[in-house]
Amino acid sequence: MHDFTPVSAALGGVLIGIAAAAMLLFEGRIAGISGIVAGLLKPEKGETGWKAAFVLGLLAGGLLLRAAFPGAYDFGIIRPYSALVAAGLLVGFGTRLANGCTSGHGVCGISRLSPRSITATLVFIASGALVVYLVNHLWGAAVR
Amino acid sequence: MKSLAISFLSGLVFALGLGISGMTRPVKVIGFLDFFGRWDASLALVMITAVAVYFAAWRISARMSAPLDAREFRIPSRGQIDLQLVSGAAMFGAGWGLGGFCPGPAITSLASGAPAVLVFVAAMAAGMRLHQLLVARRAQAPARASVLSPAADS
């Protein structure tokens with residue numbers, strides 16, 4: 001599974017950067033996806049329309065991928081449902097507590113040289129690496 | 001209307017970027033986080049190029065008095081690095097490493113129709129809602145505390 005895919009990774013990153021840049025330059029907004037999704041769960045006046053449009057765009061892009069680039073859903077590893085429930089709860093609660101995820105902190109915040117975002121990104125990568133280490137190596141889960 | 005179209009298109013291009021880059025594949029995410037195993041550095045490149053593009057946009061925006069399609073920039077203020085930030089990021093990273101999905105790729109991957117993605121997204125929404133409910137409860141707490149506070153007796 002250690003297939004290094006630098007070209008598609010770099011190209012995908014450029015598209016992510018362009019999409020987030022459009023939200024900044026046109027709308028003056030940070031494209032932070034956890035915040036956008038959470039905003040739809042607890043709607044605020046005047047903040048719902050663009051968030052819903054962005055999420056619909058994600059889903060439309062998802063359908064486009066399914067048609068044109070099905071390899072995007074070659075998941076490779078699917079954890080058991082019990083693990084996915086725990087993971088989802090951690091991601092949902094944690095991104096609200098930290099006020100951002102990979103997009104808001106990892107891309108937008110790091111680019112703005114925000115000390116909070118740089119800290120958050122280092123912490124979530126370190127914590128993710130620790131969990132992967134525990135799951136893959138200590139518990140010996142068969143993942144590949 | 002225009003702002004809705006721009007938000008929609010931005011979400012669409014964002015999803016394409018996530019899919020093409022490998023961010024929608026837990027095998028790539030977990031491979032990237034597997035520093036002590038067979039490390040797959042691919043996703044580091046996603047972050048590097050995305051940051052390079054966004055950094056340029058950020059510098060351009062600094063010279064603009066207002067966004068092209070809105071009255072003002074609404075950018076988070078530079079707050080403190082506090083326990084909430086660090087513990088929240090640690091929880092998020094743990095979930096990211098465990099499941100292999102972060103919020104954007106999970107929402108995008110709903111389009112795959114895979115039940116596992118739906119399970120993850122439902123749990124993620126529940127986690128977000130739980131935080132919102134706890135915040136709302138805490139917001140009410142001080143009022144109750146002040147009523148019960150001994151200082152109110154004097």
# chains A, B, ... in the order shown; residues from 1 in each chain; ligands from 1
call {"tool": "select_by_dssp", "arguments": {"residues": "range 5-137 of chain B", "states": "alpha helix (DSSP H)", "output": "PyMOL selection string"}}
result
chain B and resi 5-21+26-33+42-62+83-99+103-109+115-137
call {"tool": "closest_atom_pairs", "arguments": {"of": "range 17-109 of chain B", "to": "range 105-118 of chain A", "cutoff": "6 Å", "atoms": "only C-alpha atoms", "output": "JSON lines"}}
result
{"residue": "B:Val51", "atom": "CA", "partner": "A:Ser111", "partner_atom": "CA", "distance": 5.3}
{"residue": "B:Phe55", "atom": "CA", "partner": "A:Ser111", "partner_atom": "CA", "distance": 4.7}
{"residue": "B:Ile81", "atom": "CA", "partner": "A:Arg116", "partner_atom": "CA", "distance": 5.5}
call {"tool": "closest_residue", "arguments": {"among": "A:Gly61, A:Gly39, A:Pro70, A:Gly13", "to": "Asn99 in chain A", "atoms": "only C-alpha atoms"}}
result
A:Gly39
call {"tool": "residues_around", "arguments": {"residues": "range 107-115 of chain B", "least_positions_apart": "2", "cutoff": "8 Å", "atoms": "only C-alpha atoms", "output": "short mmCIF file (atom, residue, chain, number, x, y, z; two decimals) with N, CA and C atoms, in the first residue's frame"}}
result
data_model
loop_
_atom_site.label_atom_id
_atom_site.label_comp_id
_atom_site.auth_asym_id
_atom_site.auth_seq_id
_atom_site.Cartn_x
_atom_site.Cartn_y
_atom_site.Cartn_z
N VAL A 55 -21.66 22.56 0.71
CA VAL A 55 -21.79 21.11 0.96
C VAL A 55 -22.42 20.41 -0.24
N LEU A 58 -19.74 19.90 -2.63
CA LEU A 58 -18.91 18.74 -2.28
C LEU A 58 -19.55 17.45 -2.76
N LEU A 59 -20.88 17.34 -2.53
CA LEU A 59 -21.59 16.12 -2.93
C LEU A 59 -21.62 15.99 -4.45
N ALA A 60 -21.84 17.10 -5.15
CA ALA A 60 -21.85 17.08 -6.61
C ALA A 60 -20.47 16.67 -7.13
N GLY A 61 -19.43 17.22 -6.51
CA GLY A 61 -18.08 16.82 -6.88
C GLY A 61 -17.85 15.35 -6.60
N GLY A 62 -18.44 14.88 -5.51
CA GLY A 62 -18.33 13.46 -5.16
C GLY A 62 -18.96 12.58 -6.23
N LEU A 63 -20.11 13.02 -6.74
CA LEU A 63 -20.79 12.25 -7.80
C LEU A 63 -19.98 12.29 -9.09
N ARG A 66 -17.27 9.89 -8.87
CA ARG A 66 -17.77 8.53 -9.02
C ARG A 66 -17.86 8.16 -10.51
N TYR A 73 -12.69 6.30 -4.71
CA TYR A 73 -13.40 5.51 -3.69
C TYR A 73 -12.84 4.11 -3.55
N ALA B 15 -14.00 19.10 -3.72
CA ALA B 15 -14.23 17.64 -3.71
C ALA B 15 -13.38 16.95 -4.76
N THR B 24 -9.61 11.01 -0.10
CA THR B 24 -10.85 10.25 0.15
C THR B 24 -10.57 8.77 0.40
N PRO B 103 -13.41 15.50 7.84
CA PRO B 103 -14.76 15.91 7.44
C PRO B 103 -14.97 16.08 5.93
N GLY B 104 -14.10 16.79 5.22
CA GLY B 104 -14.33 17.03 3.80
C GLY B 104 -14.40 15.76 2.97
N PRO B 105 -13.40 14.90 3.06
CA PRO B 105 -13.45 13.65 2.31
C PRO B 105 -14.63 12.76 2.71
N VAL B 117 -19.19 4.92 5.01
CA VAL B 117 -19.06 6.38 5.01
C VAL B 117 -20.24 7.01 5.71
N LEU B 118 -21.41 6.47 5.44
CA LEU B 118 -22.62 6.99 6.08
C LEU B 118 -22.53 6.83 7.60
N VAL B 119 -22.03 5.68 8.04
CA VAL B 119 -21.87 5.44 9.48
C VAL B 119 -20.92 6.48 10.07
N VAL B 121 -20.10 9.49 8.87
CA VAL B 121 -20.65 10.86 8.81
C VAL B 121 -21.74 11.05 9.86
#
call {"tool": "closest_residue", "arguments": {"among": "A:Ser103, A:Thr121, A:Thr48, A:Ser8", "to": "Cys102 in chain B", "atoms": "only C-alpha atoms"}}
result
A:Ser103
call {"tool": "interface_residues", "arguments": {"of": "chain A", "to": "chain B", "cutoff": "6 Å", "atoms": "only C-alpha atoms", "output": "PyMOL selection string"}}
result
chain A and resi 2+4-6+8-10+12-17+19+21+25-29+33-34+50+53-54+57-59+61-63+72+75-77+84-85+87-95+97-98+107+111+116+120+123-125+127-129+131-132
call {"tool": "decode", "arguments": {"residues": "range 2-152 of chain B", "atoms": "C-alpha atoms", "output": "PDB file, in the first residue's frame"}}
result
ATOM      1  CA  LYS B   2     -23.906  34.667  -7.283  1.00  0.00           C
ATOM      2  CA  SER B   3     -22.417  33.905  -3.890  1.00  0.00           C
ATOM      3  CA  LEU B   4     -24.357  30.639  -3.736  1.00  0.00           C
ATOM      4  CA  ALA B   5     -23.038  29.656  -7.175  1.00  0.00           C
ATOM      5  CA  ILE B   6     -19.464  30.477  -6.143  1.00  0.00           C
ATOM      6  CA  SER B   7     -19.826  28.496  -2.906  1.00  0.00           C
ATOM      7  CA  PHE B   8     -21.270  25.553  -4.825  1.00  0.00           C
ATOM      8  CA  LEU B   9     -18.487  25.594  -7.420  1.00  0.00           C
ATOM      9  CA  SER B  10     -15.853  25.965  -4.708  1.00  0.00           C
ATOM     10  CA  GLY B  11     -17.258  22.919  -2.930  1.00  0.00           C
ATOM     11  CA  LEU B  12     -17.296  21.007  -6.200  1.00  0.00           C
ATOM     12  CA  VAL B  13     -13.673  21.808  -7.062  1.00  0.00           C
ATOM     13  CA  PHE B  14     -12.674  21.116  -3.447  1.00  0.00           C
ATOM     14  CA  ALA B  15     -14.233  17.643  -3.712  1.00  0.00           C
ATOM     15  CA  LEU B  16     -12.454  16.950  -7.003  1.00  0.00           C
ATOM     16  CA  GLY B  17      -9.178  17.946  -5.352  1.00  0.00           C
ATOM     17  CA  LEU B  18      -9.856  15.664  -2.384  1.00  0.00           C
ATOM     18  CA  GLY B  19     -10.693  12.753  -4.685  1.00  0.00           C
ATOM     19  CA  ILE B  20      -7.795  13.199  -7.084  1.00  0.00           C
ATOM     20  CA  SER B  21      -5.263  13.758  -4.303  1.00  0.00           C
ATOM     21  CA  GLY B  22      -6.087  10.545  -2.435  1.00  0.00           C
ATOM     22  CA  MET B  23      -7.610  12.234   0.626  1.00  0.00           C
ATOM     23  CA  THR B  24     -10.846  10.253   0.147  1.00  0.00           C
ATOM     24  CA  ARG B  25      -8.951   6.964   0.519  1.00  0.00           C
ATOM     25  CA  PRO B  26      -8.355   5.842   4.134  1.00  0.00           C
ATOM     26  CA  VAL B  27      -5.492   3.654   2.869  1.00  0.00           C
ATOM     27  CA  LYS B  28      -3.640   6.820   1.805  1.00  0.00           C
ATOM     28  CA  VAL B  29      -4.517   8.733   4.985  1.00  0.00           C
ATOM     29  CA  ILE B  30      -3.483   5.892   7.265  1.00  0.00           C
ATOM     30  CA  GLY B  31      -0.375   5.321   5.139  1.00  0.00           C
ATOM     31  CA  PHE B  32       0.530   8.993   5.561  1.00  0.00           C
ATOM     32  CA  LEU B  33       0.097   8.766   9.326  1.00  0.00           C
ATOM     33  CA  ASP B  34       2.097   5.526   9.526  1.00  0.00           C
ATOM     34  CA  PHE B  35       5.440   7.188  10.231  1.00  0.00           C
ATOM     35  CA  PHE B  36       6.733   4.141  12.060  1.00  0.00           C
ATOM     36  CA  GLY B  37       5.687   1.685   9.361  1.00  0.00           C
ATOM     37  CA  ARG B  38       5.668   2.013   5.605  1.00  0.00           C
ATOM     38  CA  TRP B  39       5.203   5.747   5.373  1.00  0.00           C
ATOM     39  CA  ASP B  40       3.374   7.025   2.290  1.00  0.00           C
ATOM     40  CA  ALA B  41       4.391  10.671   1.936  1.00  0.00           C
ATOM     41  CA  SER B  42       1.826  11.466  -0.781  1.00  0.00           C
ATOM     42  CA  LEU B  43      -0.555  13.466   1.379  1.00  0.00           C
ATOM     43  CA  ALA B  44       2.245  15.752   2.507  1.00  0.00           C
ATOM     44  CA  LEU B  45       2.333  16.947  -1.100  1.00  0.00           C
ATOM     45  CA  VAL B  46      -1.388  17.678  -1.000  1.00  0.00           C
ATOM     46  CA  MET B  47      -0.853  19.996   1.903  1.00  0.00           C
ATOM     47  CA  ILE B  48       2.236  21.620   0.382  1.00  0.00           C
ATOM     48  CA  THR B  49       0.609  22.511  -2.933  1.00  0.00           C
ATOM     49  CA  ALA B  50      -2.715  23.515  -1.372  1.00  0.00           C
ATOM     50  CA  VAL B  51      -0.897  25.787   1.071  1.00  0.00           C
ATOM     51  CA  ALA B  52       1.244  27.258  -1.733  1.00  0.00           C
ATOM     52  CA  VAL B  53      -1.844  28.253  -3.729  1.00  0.00           C
ATOM     53  CA  TYR B  54      -3.750  29.519  -0.694  1.00  0.00           C
ATOM     54  CA  PHE B  55      -0.747  31.461   0.596  1.00  0.00           C
ATOM     55  CA  ALA B  56      -0.663  33.389  -2.699  1.00  0.00           C
ATOM     56  CA  ALA B  57      -4.398  34.061  -2.407  1.00  0.00           C
ATOM     57  CA  TRP B  58      -3.915  35.226   1.178  1.00  0.00           C
ATOM     58  CA  ARG B  59      -1.231  37.722   0.110  1.00  0.00           C
ATOM     59  CA  ILE B  60      -3.502  39.024  -2.655  1.00  0.00           C
ATOM     60  CA  SER B  61      -6.420  39.353  -0.243  1.00  0.00           C
ATOM     61  CA  ALA B  62      -4.284  41.457   2.086  1.00  0.00           C
ATOM     62  CA  ARG B  63      -4.204  44.163  -0.605  1.00  0.00           C
ATOM     63  CA  MET B  64      -7.946  44.083  -1.166  1.00  0.00           C
ATOM     64  CA  SER B  65     -10.266  46.348   0.812  1.00  0.00           C
ATOM     65  CA  ALA B  66     -13.112  43.872   0.400  1.00  0.00           C
ATOM     66  CA  PRO B  67     -13.734  40.504  -1.241  1.00  0.00           C
ATOM     67  CA  LEU B  68     -14.943  40.520  -4.865  1.00  0.00           C
ATOM     68  CA  ASP B  69     -18.431  39.340  -3.961  1.00  0.00           C
ATOM     69  CA  ALA B  70     -18.985  40.298  -0.301  1.00  0.00           C
ATOM     70  CA  ARG B  71     -18.770  43.350   1.940  1.00  0.00           C
ATOM     71  CA  GLU B  72     -15.982  42.214   4.202  1.00  0.00           C
ATOM     72  CA  PHE B  73     -13.492  39.484   4.966  1.00  0.00           C
ATOM     73  CA  ARG B  74     -14.636  37.271   7.813  1.00  0.00           C
ATOM     74  CA  ILE B  75     -11.427  35.710   9.001  1.00  0.00           C
ATOM     75  CA  PRO B  76     -10.933  34.121  12.442  1.00  0.00           C
ATOM     76  CA  SER B  77      -9.076  36.405  14.822  1.00  0.00           C
ATOM     77  CA  ARG B  78      -5.739  35.267  16.143  1.00  0.00           C
ATOM     78  CA  GLY B  79      -6.753  33.757  19.432  1.00  0.00           C
ATOM     79  CA  GLN B  80      -4.781  32.017  22.101  1.00  0.00           C
ATOM     80  CA  ILE B  81      -3.359  28.553  21.936  1.00  0.00           C
ATOM     81  CA  ASP B  82      -5.421  27.016  24.713  1.00  0.00           C
ATOM     82  CA  LEU B  83      -6.331  23.625  26.110  1.00  0.00           C
ATOM     83  CA  GLN B  84      -9.469  23.424  23.978  1.00  0.00           C
ATOM     84  CA  LEU B  85      -7.472  23.840  20.783  1.00  0.00           C
ATOM     85  CA  VAL B  86      -4.883  21.246  21.741  1.00  0.00           C
ATOM     86  CA  SER B  87      -7.278  18.667  23.177  1.00  0.00           C
ATOM     87  CA  GLY B  88      -9.722  19.136  20.307  1.00  0.00           C
ATOM     88  CA  ALA B  89      -6.959  18.680  17.740  1.00  0.00           C
ATOM     89  CA  ALA B  90      -5.730  15.591  19.600  1.00  0.00           C
ATOM     90  CA  MET B  91      -9.242  14.095  19.530  1.00  0.00           C
ATOM     91  CA  PHE B  92      -9.678  14.944  15.880  1.00  0.00           C
ATOM     92  CA  GLY B  93      -6.313  13.399  14.964  1.00  0.00           C
ATOM     93  CA  ALA B  94      -7.164  10.229  16.887  1.00  0.00           C
ATOM     94  CA  GLY B  95     -10.425   9.875  14.959  1.00  0.00           C
ATOM     95  CA  TRP B  96      -8.688  10.679  11.672  1.00  0.00           C
ATOM     96  CA  GLY B  97      -6.088   7.983  12.280  1.00  0.00           C
ATOM     97  CA  LEU B  98      -8.668   5.476  13.481  1.00  0.00           C
ATOM     98  CA  GLY B  99     -11.202   5.877  10.671  1.00  0.00           C
ATOM     99  CA  GLY B 100      -9.060   7.334   7.897  1.00  0.00           C
ATOM    100  CA  PHE B 101     -11.561  10.099   7.132  1.00  0.00           C
ATOM    101  CA  CYS B 102     -11.613  13.798   7.960  1.00  0.00           C
ATOM    102  CA  PRO B 103     -14.756  15.914   7.436  1.00  0.00           C
ATOM    103  CA  GLY B 104     -14.326  17.034   3.796  1.00  0.00           C
ATOM    104  CA  PRO B 105     -13.446  13.647   2.311  1.00  0.00           C
ATOM    105  CA  ALA B 106     -16.164  11.975   4.399  1.00  0.00           C
ATOM    106  CA  ILE B 107     -18.883  14.291   3.067  1.00  0.00           C
ATOM    107  CA  THR B 108     -17.529  13.941  -0.483  1.00  0.00           C
ATOM    108  CA  SER B 109     -17.409  10.144  -0.182  1.00  0.00           C
ATOM    109  CA  LEU B 110     -21.100   9.984   0.726  1.00  0.00           C
ATOM    110  CA  ALA B 111     -21.504  10.063  -3.062  1.00  0.00           C
ATOM    111  CA  SER B 112     -19.832   6.648  -3.230  1.00  0.00           C
ATOM    112  CA  GLY B 113     -22.864   5.121  -1.535  1.00  0.00           C
ATOM    113  CA  ALA B 114     -20.660   3.067   0.780  1.00  0.00           C
ATOM    114  CA  PRO B 115     -22.508   2.336   4.058  1.00  0.00           C
ATOM    115  CA  ALA B 116     -19.270   2.720   6.042  1.00  0.00           C
ATOM    116  CA  VAL B 117     -19.056   6.378   5.008  1.00  0.00           C
ATOM    117  CA  LEU B 118     -22.623   6.988   6.079  1.00  0.00           C
ATOM    118  CA  VAL B 119     -21.867   5.438   9.477  1.00  0.00           C
ATOM    119  CA  PHE B 120     -18.821   7.680   9.889  1.00  0.00           C
ATOM    120  CA  VAL B 121     -20.654  10.857   8.808  1.00  0.00           C
ATOM    121  CA  ALA B 122     -23.629  10.124  11.095  1.00  0.00           C
ATOM    122  CA  ALA B 123     -21.258   9.664  14.057  1.00  0.00           C
ATOM    123  CA  MET B 124     -19.356  12.824  13.073  1.00  0.00           C
ATOM    124  CA  ALA B 125     -22.578  14.841  12.985  1.00  0.00           C
ATOM    125  CA  ALA B 126     -23.499  13.413  16.393  1.00  0.00           C
ATOM    126  CA  GLY B 127     -20.101  14.456  17.774  1.00  0.00           C
ATOM    127  CA  MET B 128     -20.554  17.989  16.450  1.00  0.00           C
ATOM    128  CA  ARG B 129     -24.080  18.200  17.851  1.00  0.00           C
ATOM    129  CA  LEU B 130     -22.895  16.931  21.235  1.00  0.00           C
ATOM    130  CA  HIS B 131     -20.341  19.742  21.370  1.00  0.00           C
ATOM    131  CA  GLN B 132     -22.973  22.314  20.424  1.00  0.00           C
ATOM    132  CA  LEU B 133     -25.294  21.060  23.170  1.00  0.00           C
ATOM    133  CA  LEU B 134     -22.518  21.133  25.777  1.00  0.00           C
ATOM    134  CA  VAL B 135     -21.602  24.687  24.790  1.00  0.00           C
ATOM    135  CA  ALA B 136     -25.245  25.743  25.042  1.00  0.00           C
ATOM    136  CA  ARG B 137     -25.509  24.177  28.511  1.00  0.00           C
ATOM    137  CA  ARG B 138     -22.337  25.839  29.685  1.00  0.00           C
ATOM    138  CA  ALA B 139     -23.644  29.187  28.463  1.00  0.00           C
ATOM    139  CA  GLN B 140     -26.599  28.804  30.845  1.00  0.00           C
ATOM    140  CA  ALA B 141     -24.483  27.633  33.746  1.00  0.00           C
ATOM    141  CA  PRO B 142     -23.064  30.999  34.946  1.00  0.00           C
ATOM    142  CA  ALA B 143     -26.561  32.430  35.411  1.00  0.00           C
ATOM    143  CA  ARG B 144     -27.491  29.495  37.598  1.00  0.00           C
ATOM    144  CA  ALA B 145     -24.190  29.697  39.439  1.00  0.00           C
ATOM    145  CA  SER B 146     -24.670  33.364  40.280  1.00  0.00           C
ATOM    146  CA  VAL B 147     -28.105  32.682  41.745  1.00  0.00           C
ATOM    147  CA  LEU B 148     -26.694  29.949  43.927  1.00  0.00           C
ATOM    148  CA  SER B 149     -23.472  31.772  44.651  1.00  0.00           C
ATOM    149  CA  PRO B 150     -22.881  32.515  48.380  1.00  0.00           C
ATOM    150  CA  ALA B 151     -21.626  35.978  47.435  1.00  0.00           C
ATOM    151  CA  ALA B 152     -25.180  36.892  46.500  1.00  0.00           C
TER     152      ALA B 152
END
